[in-house]
file model.pdb (PDB, C-alpha atoms, pLDDT in the B column)
MODEL        1
ATOM      1  CA  MET A   3     -39.676 -37.119  22.865  1.00 58.00           C
ATOM      2  CA  LYS A   4     -41.183 -34.277  20.833  1.00 60.00           C
ATOM      3  CA  LYS A   5     -41.458 -32.118  23.964  1.00 63.00           C
ATOM      4  CA  LEU A   6     -37.793 -32.677  24.800  1.00 54.00           C
ATOM      5  CA  PHE A   7     -36.820 -31.844  21.223  1.00 52.00           C
ATOM      6  CA  LEU A   8     -38.854 -28.587  21.298  1.00 50.00           C
ATOM      7  CA  ILE A   9     -37.386 -27.614  24.667  1.00 62.00           C
ATOM      8  CA  LEU A  10     -33.856 -28.124  23.326  1.00 54.00           C
ATOM      9  CA  ILE A  11     -34.597 -26.040  20.223  1.00 59.00           C
ATOM     10  CA  PHE A  12     -35.980 -23.170  22.295  1.00 56.00           C
ATOM     11  CA  ALA A  13     -33.037 -23.410  24.690  1.00 56.00           C
ATOM     12  CA  PHE A  14     -30.506 -23.143  21.833  1.00 52.00           C
ATOM     13  CA  CYS A  15     -32.422 -20.234  20.277  1.00 51.00           C
ATOM     14  CA  GLY A  16     -32.461 -18.472  23.634  1.00 51.00           C
ATOM     15  CA  LEU A  17     -28.722 -18.999  24.039  1.00 48.00           C
ATOM     16  CA  GLY A  18     -28.121 -17.529  20.600  1.00 45.00           C
ATOM     17  CA  LEU A  19     -30.136 -14.422  21.416  1.00 46.00           C
ATOM     18  CA  TRP A  20     -28.397 -14.016  24.767  1.00 46.00           C
ATOM     19  CA  ALA A  21     -24.935 -14.355  23.223  1.00 46.00           C
ATOM     20  CA  ALA A  22     -25.800 -11.783  20.547  1.00 50.00           C
ATOM     21  CA  SER A  23     -26.353  -9.175  23.273  1.00 91.00           C
ATOM     22  CA  GLU A  24     -22.635  -9.055  24.042  1.00 94.00           C
ATOM     23  CA  MET A  25     -19.871  -7.486  21.971  1.00 93.00           C
ATOM     24  CA  SER A  26     -16.115  -6.945  22.199  1.00 93.00           C
ATOM     25  CA  VAL A  27     -14.128  -3.734  21.953  1.00 93.00           C
ATOM     26  CA  GLN A  28     -12.129  -3.941  18.696  1.00 90.00           C
ATOM     27  CA  VAL A  29     -10.071  -0.752  19.088  1.00 88.00           C
ATOM     28  CA  GLN A  30      -7.171   0.138  21.341  1.00 87.00           C
ATOM     29  CA  SER A  31      -9.373   2.291  23.569  1.00 88.00           C
ATOM     30  CA  ALA A  32     -12.969   3.489  23.481  1.00 92.00           C
ATOM     31  CA  PRO A  33     -14.471   6.028  25.869  1.00 93.00           C
ATOM     32  CA  MET A  34     -17.917   5.309  27.302  1.00 95.00           C
ATOM     33  CA  ARG A  35     -19.952   8.529  27.340  1.00 94.00           C
ATOM     34  CA  SER A  36     -22.991   9.682  29.315  1.00 94.00           C
ATOM     35  CA  THR A  37     -24.924  10.456  26.117  1.00 92.00           C
ATOM     36  CA  PRO A  38     -24.718   9.133  22.536  1.00 91.00           C
ATOM     37  CA  SER A  39     -22.551  12.051  21.442  1.00 88.00           C
ATOM     38  CA  PHE A  40     -18.850  12.920  21.247  1.00 86.00           C
ATOM     39  CA  LEU A  41     -19.684  15.748  23.629  1.00 87.00           C
ATOM     40  CA  GLY A  42     -21.108  13.451  26.301  1.00 89.00           C
ATOM     41  CA  ALA A  43     -19.153  13.374  29.544  1.00 91.00           C
ATOM     42  CA  PRO A  44     -16.768  10.406  29.814  1.00 92.00           C
ATOM     43  CA  VAL A  45     -18.095   7.657  32.090  1.00 93.00           C
ATOM     44  CA  ALA A  46     -15.317   5.067  31.777  1.00 94.00           C
ATOM     45  CA  ASP A  47     -12.692   3.819  29.343  1.00 94.00           C
ATOM     46  CA  LEU A  48     -12.892   0.473  27.582  1.00 94.00           C
ATOM     47  CA  VAL A  49      -9.860  -1.224  26.084  1.00 91.00           C
ATOM     48  CA  TYR A  50      -9.204  -3.750  23.332  1.00 90.00           C
ATOM     49  CA  GLY A  51     -10.880  -7.073  24.059  1.00 91.00           C
ATOM     50  CA  ASP A  52     -13.244  -5.855  26.805  1.00 93.00           C
ATOM     51  CA  ARG A  53     -16.652  -7.537  26.638  1.00 95.00           C
ATOM     52  CA  VAL A  54     -19.747  -5.368  27.037  1.00 96.00           C
ATOM     53  CA  GLU A  55     -23.456  -6.084  27.292  1.00 97.00           C
ATOM     54  CA  ILE A  56     -25.569  -4.247  24.722  1.00 97.00           C
ATOM     55  CA  LEU A  57     -28.490  -2.418  26.323  1.00 96.00           C
ATOM     56  CA  GLU A  58     -29.676  -0.237  23.437  1.00 94.00           C
ATOM     57  CA  GLU A  59     -28.701   0.528  19.835  1.00 91.00           C
ATOM     58  CA  GLY A  60     -29.232   3.715  17.886  1.00 84.00           C
ATOM     59  CA  ARG A  61     -27.785   6.099  15.293  1.00 84.00           C
ATOM     60  CA  GLY A  62     -24.181   4.893  15.326  1.00 88.00           C
ATOM     61  CA  TRP A  63     -23.979   4.552  19.117  1.00 92.00           C
ATOM     62  CA  MET A  64     -24.621   1.657  21.497  1.00 94.00           C
ATOM     63  CA  GLN A  65     -25.539   1.871  25.144  1.00 96.00           C
ATOM     64  CA  VAL A  66     -23.479  -0.746  26.950  1.00 97.00           C
ATOM     65  CA  ARG A  67     -22.737  -2.121  30.400  1.00 97.00           C
ATOM     66  CA  SER A  68     -19.093  -2.980  31.112  1.00 95.00           C
ATOM     67  CA  ALA A  69     -17.887  -5.923  33.182  1.00 93.00           C
ATOM     68  CA  ALA A  70     -17.280  -3.406  35.991  1.00 94.00           C
ATOM     69  CA  GLY A  71     -20.961  -2.389  35.863  1.00 95.00           C
ATOM     70  CA  ASP A  72     -20.461   1.036  34.253  1.00 95.00           C
ATOM     71  CA  VAL A  73     -23.223   2.058  31.825  1.00 97.00           C
ATOM     72  CA  GLY A  74     -22.615   4.456  28.950  1.00 96.00           C
ATOM     73  CA  TRP A  75     -22.619   5.006  25.192  1.00 96.00           C
ATOM     74  CA  VAL A  76     -19.889   3.791  22.805  1.00 95.00           C
ATOM     75  CA  GLN A  77     -19.440   4.365  19.068  1.00 92.00           C
ATOM     76  CA  GLU A  78     -20.759   1.378  17.158  1.00 91.00           C
ATOM     77  CA  SER A  79     -17.579   1.221  15.040  1.00 90.00           C
ATOM     78  CA  ALA A  80     -15.512   0.492  18.174  1.00 92.00           C
ATOM     79  CA  LEU A  81     -17.388  -2.768  18.810  1.00 93.00           C
ATOM     80  CA  THR A  82     -17.617  -6.163  17.109  1.00 90.00           C
ATOM     81  CA  ARG A  83     -19.882  -9.168  17.624  1.00 90.00           C
ATOM     82  CA  LYS A  84     -16.780 -11.403  17.430  1.00 87.00           C
ATOM     83  CA  ARG A  85     -15.063 -12.375  20.660  1.00 85.00           C
ATOM     84  CA  VAL A  86     -11.721 -10.547  20.711  1.00 79.00           C
ATOM     85  CA  VAL A  87      -8.995 -12.269  22.709  1.00 72.00           C
ATOM     86  CA  LEU A  88      -5.381 -11.214  23.145  1.00 67.00           C
ATOM     87  CA  SER A  89      -3.029 -14.084  22.435  1.00 61.00           C
ATOM     88  CA  ALA A  90       0.096 -14.725  24.479  1.00 56.00           C
ATOM     89  CA  GLY A  91       2.712 -12.157  23.608  1.00 54.00           C
ATOM     90  CA  GLY A  92       0.156  -9.906  21.895  1.00 50.00           C
ATOM     91  CA  GLU A  93      -0.387  -6.353  22.941  1.00 51.00           C
ATOM     92  CA  ALA A  94      -3.399  -4.084  22.664  1.00 50.00           C
ATOM     93  CA  SER A  95      -1.325  -1.237  21.257  1.00 48.00           C
ATOM     94  CA  SER A  96      -1.199  -3.039  17.917  1.00 44.00           C
ATOM     95  CA  GLY A  97      -4.987  -2.583  17.543  1.00 56.00           C
ATOM     96  CA  ALA A  98      -6.547   0.338  15.710  1.00 61.00           C
ATOM     97  CA  SER A  99      -7.857   3.344  17.616  1.00 62.00           C
ATOM     98  CA  SER A 100     -11.550   4.247  17.415  1.00 64.00           C
ATOM     99  CA  ASP A 101     -10.599   7.241  15.229  1.00 67.00           C
ATOM    100  CA  GLU A 102      -8.725   4.969  12.807  1.00 67.00           C
ATOM    101  CA  VAL A 103     -11.682   2.599  12.575  1.00 65.00           C
ATOM    102  CA  ALA A 104     -14.038   5.530  11.891  1.00 66.00           C
ATOM    103  CA  LEU A 105     -11.763   6.847   9.124  1.00 65.00           C
ATOM    104  CA  ALA A 106     -11.389   3.389   7.596  1.00 64.00           C
ATOM    105  CA  GLY A 107     -15.178   3.098   7.509  1.00 61.00           C
ATOM    106  CA  LYS A 108     -15.283   6.293   5.472  1.00 63.00           C
ATOM    107  CA  GLY A 109     -12.760   4.922   2.970  1.00 65.00           C
ATOM    108  CA  PHE A 110      -9.765   6.947   4.216  1.00 67.00           C
ATOM    109  CA  ASN A 111      -6.494   5.105   3.612  1.00 71.00           C
ATOM    110  CA  ALA A 112      -2.814   5.800   2.842  1.00 75.00           C
ATOM    111  CA  GLU A 113      -3.459   6.355  -0.904  1.00 78.00           C
ATOM    112  CA  ILE A 114      -6.221   8.887  -0.285  1.00 76.00           C
ATOM    113  CA  GLU A 115      -4.076  10.648   2.311  1.00 76.00           C
ATOM    114  CA  ALA A 116      -1.167  10.904  -0.165  1.00 79.00           C
ATOM    115  CA  GLU A 117      -3.449  12.322  -2.869  1.00 80.00           C
ATOM    116  CA  TYR A 118      -4.934  14.839  -0.424  1.00 76.00           C
ATOM    117  CA  ARG A 119      -1.450  15.894   0.710  1.00 78.00           C
ATOM    118  CA  SER A 120      -0.415  16.532  -2.907  1.00 82.00           C
ATOM    119  CA  GLN A 121      -3.396  18.860  -3.456  1.00 80.00           C
ATOM    120  CA  THR A 122      -3.423  20.717  -0.122  1.00 78.00           C
ATOM    121  CA  ASP A 123      -1.086  22.971   1.856  1.00 80.00           C
ATOM    122  CA  LEU A 124      -1.207  20.834   4.966  1.00 75.00           C
ATOM    123  CA  GLU A 125       1.570  22.608   6.823  1.00 80.00           C
ATOM    124  CA  SER A 126      -0.515  25.751   7.372  1.00 82.00           C
ATOM    125  CA  ALA A 127      -3.612  23.650   8.115  1.00 78.00           C
ATOM    126  CA  PHE A 128      -1.705  21.621  10.712  1.00 78.00           C
ATOM    127  CA  ALA A 129      -0.344  24.833  12.263  1.00 86.00           C
ATOM    128  CA  TRP A 130      -3.925  25.996  12.864  1.00 84.00           C
ATOM    129  CA  VAL A 131      -4.941  22.597  14.223  1.00 81.00           C
ATOM    130  CA  ASP A 132      -1.968  22.598  16.599  1.00 82.00           C
ATOM    131  CA  ARG A 133      -2.912  26.085  17.755  1.00 85.00           C
ATOM    132  CA  MET A 134      -6.549  25.070  18.363  1.00 82.00           C
ATOM    133  CA  GLU A 135      -5.535  21.910  20.228  1.00 79.00           C
ATOM    134  CA  GLY A 136      -3.562  24.114  22.594  1.00 81.00           C
ATOM    135  CA  TYR A 137      -6.787  25.775  23.752  1.00 80.00           C
ATOM    136  CA  GLY A 138      -7.997  22.529  25.389  1.00 75.00           C
ATOM    137  CA  ARG A 139     -11.233  22.455  27.349  1.00 78.00           C
ATOM    138  CA  GLU A 140     -12.565  19.840  29.717  1.00 83.00           C
ATOM    139  CA  PRO A 141     -15.559  17.854  28.413  1.00 84.00           C
ATOM    140  CA  GLU A 142     -17.654  19.156  31.325  1.00 87.00           C
ATOM    141  CA  ALA A 143     -16.883  22.775  30.337  1.00 85.00           C
ATOM    142  CA  LEU A 144     -17.867  22.075  26.719  1.00 81.00           C
ATOM    143  CA  ALA A 145     -21.124  20.447  27.836  1.00 83.00           C
ATOM    144  CA  ALA A 146     -21.920  23.456  30.055  1.00 86.00           C
ATOM    145  CA  PHE A 147     -21.179  25.819  27.126  1.00 83.00           C
ATOM    146  CA  LEU A 148     -23.565  23.883  24.888  1.00 81.00           C
ATOM    147  CA  ASP A 149     -26.271  23.831  27.558  1.00 83.00           C
ATOM    148  CA  ASP A 150     -25.917  27.569  28.245  1.00 84.00           C
ATOM    149  CA  GLY A 151     -26.282  28.344  24.554  1.00 80.00           C
ATOM    150  CA  GLU A 152     -29.139  25.840  24.215  1.00 71.00           C
ATOM    151  CA  LEU A 153     -27.098  23.981  21.584  1.00 70.00           C
ATOM    152  CA  SER A 154     -27.116  20.537  23.220  1.00 63.00           C
ATOM    153  CA  GLU A 155     -30.155  19.261  21.336  1.00 61.00           C
ATOM    154  CA  VAL A 156     -28.926  20.739  18.037  1.00 58.00           C
ATOM    155  CA  ILE A 157     -25.638  18.805  18.266  1.00 58.00           C
ATOM    156  CA  ARG A 158     -27.203  15.530  19.351  1.00 53.00           C
TER     157      ARG A 158
ENDMDL
END
call {"tool": "encode", "arguments": {"input": "model.pdb", "output": "structure tokens"}}
result
Amino acid sequence: MKKLFLILIFAFCGLGLWAASEMSVQVQSAPMRSTPSFLGAPVADLVYGDRVEILEEGRGWMQVRSAAGDVGWVQESALTRKRVVLSAGGEASSGASSDEVALAGKGFNAEIEAEYRSQTDLESAFAWVDRMEGYGREPEALAAFLDDGELSEVIR
């Protein structure tokens, strides 16, 4: 009887550890990257509710394996240990983006944005941002630029 009881305890503990190695995507979309960096080449895209297996954790990034078998790095803030399920009639577009989750984690909200707007000339700042966004470069070109300048390790 004691042996059966011990076996059951170890089995439940093992199930708990196994279940903890999976997480759900809690943002509208989250790119998987080849390295734990925003400059890593995109490997695949995950969407709200996707389940991933956690392979490694470190410095705000998690190496994961998707249900499709893709392996890559995802921002930790885009994942949750809770099982995320879309209900009937729900849509993923109502979820927060990974950028919104990152800003919320830093305490950025509507009140702070309003205060910042009142103290800053945002129109000229946005004009410069719009201009810079127009330059657009492919992630592979940015990675090659960093490698050529030996900046890859500095950024990561």
call {"tool": "residues_around", "arguments": {"input": "model.pdb", "residues": "region 44-58 of chain A", "least_positions_apart": "4", "cutoff": "9 Å", "atoms": "all atoms listed in the file", "output": "PyMOL selection string"}}
result
chain A and resi 22-37+63-69+72-75+81+85-88+94-95+97+141-142
call {"tool": "atom_distance", "arguments": {"input": "model.pdb", "atom1": "CA of Leu153 (chain A)", "atom2": "CA of Phe40 (chain A)"}}
result
13.8 Å
call {"tool": "atom_distance", "arguments": {"input": "model.pdb", "atom1": "CA of Ser120 (chain A)", "atom2": "CA of Asp132 (chain A)"}}
result
20.5 Å
call {"tool": "axis_aligned_box", "arguments": {"input": "model.pdb", "around": "region 111-123 of chain A", "padding_each_side": "6 Å", "output": "lines of an AutoDock Vina configuration file"}}
result
center_x = -3.5
center_y = 14.0
center_z = 0.1
size_x = 18.1
size_y = 29.9
size_z = 19.1
call {"tool": "atom_distance", "arguments": {"input": "model.pdb", "atom1": "CA of Glu78 (chain A)", "atom2": "CA of Gly62 (chain A)"}}
result
5.2 Å
call {"tool": "residues_around", "arguments": {"input": "model.pdb", "residues": "Ala146 (chain A)", "least_positions_apart": "6", "cutoff": "12 Å", "atoms": "all atoms listed in the file", "output": "ChimeraX atom specification"}}
result
/A:41-43,139-140,152-154
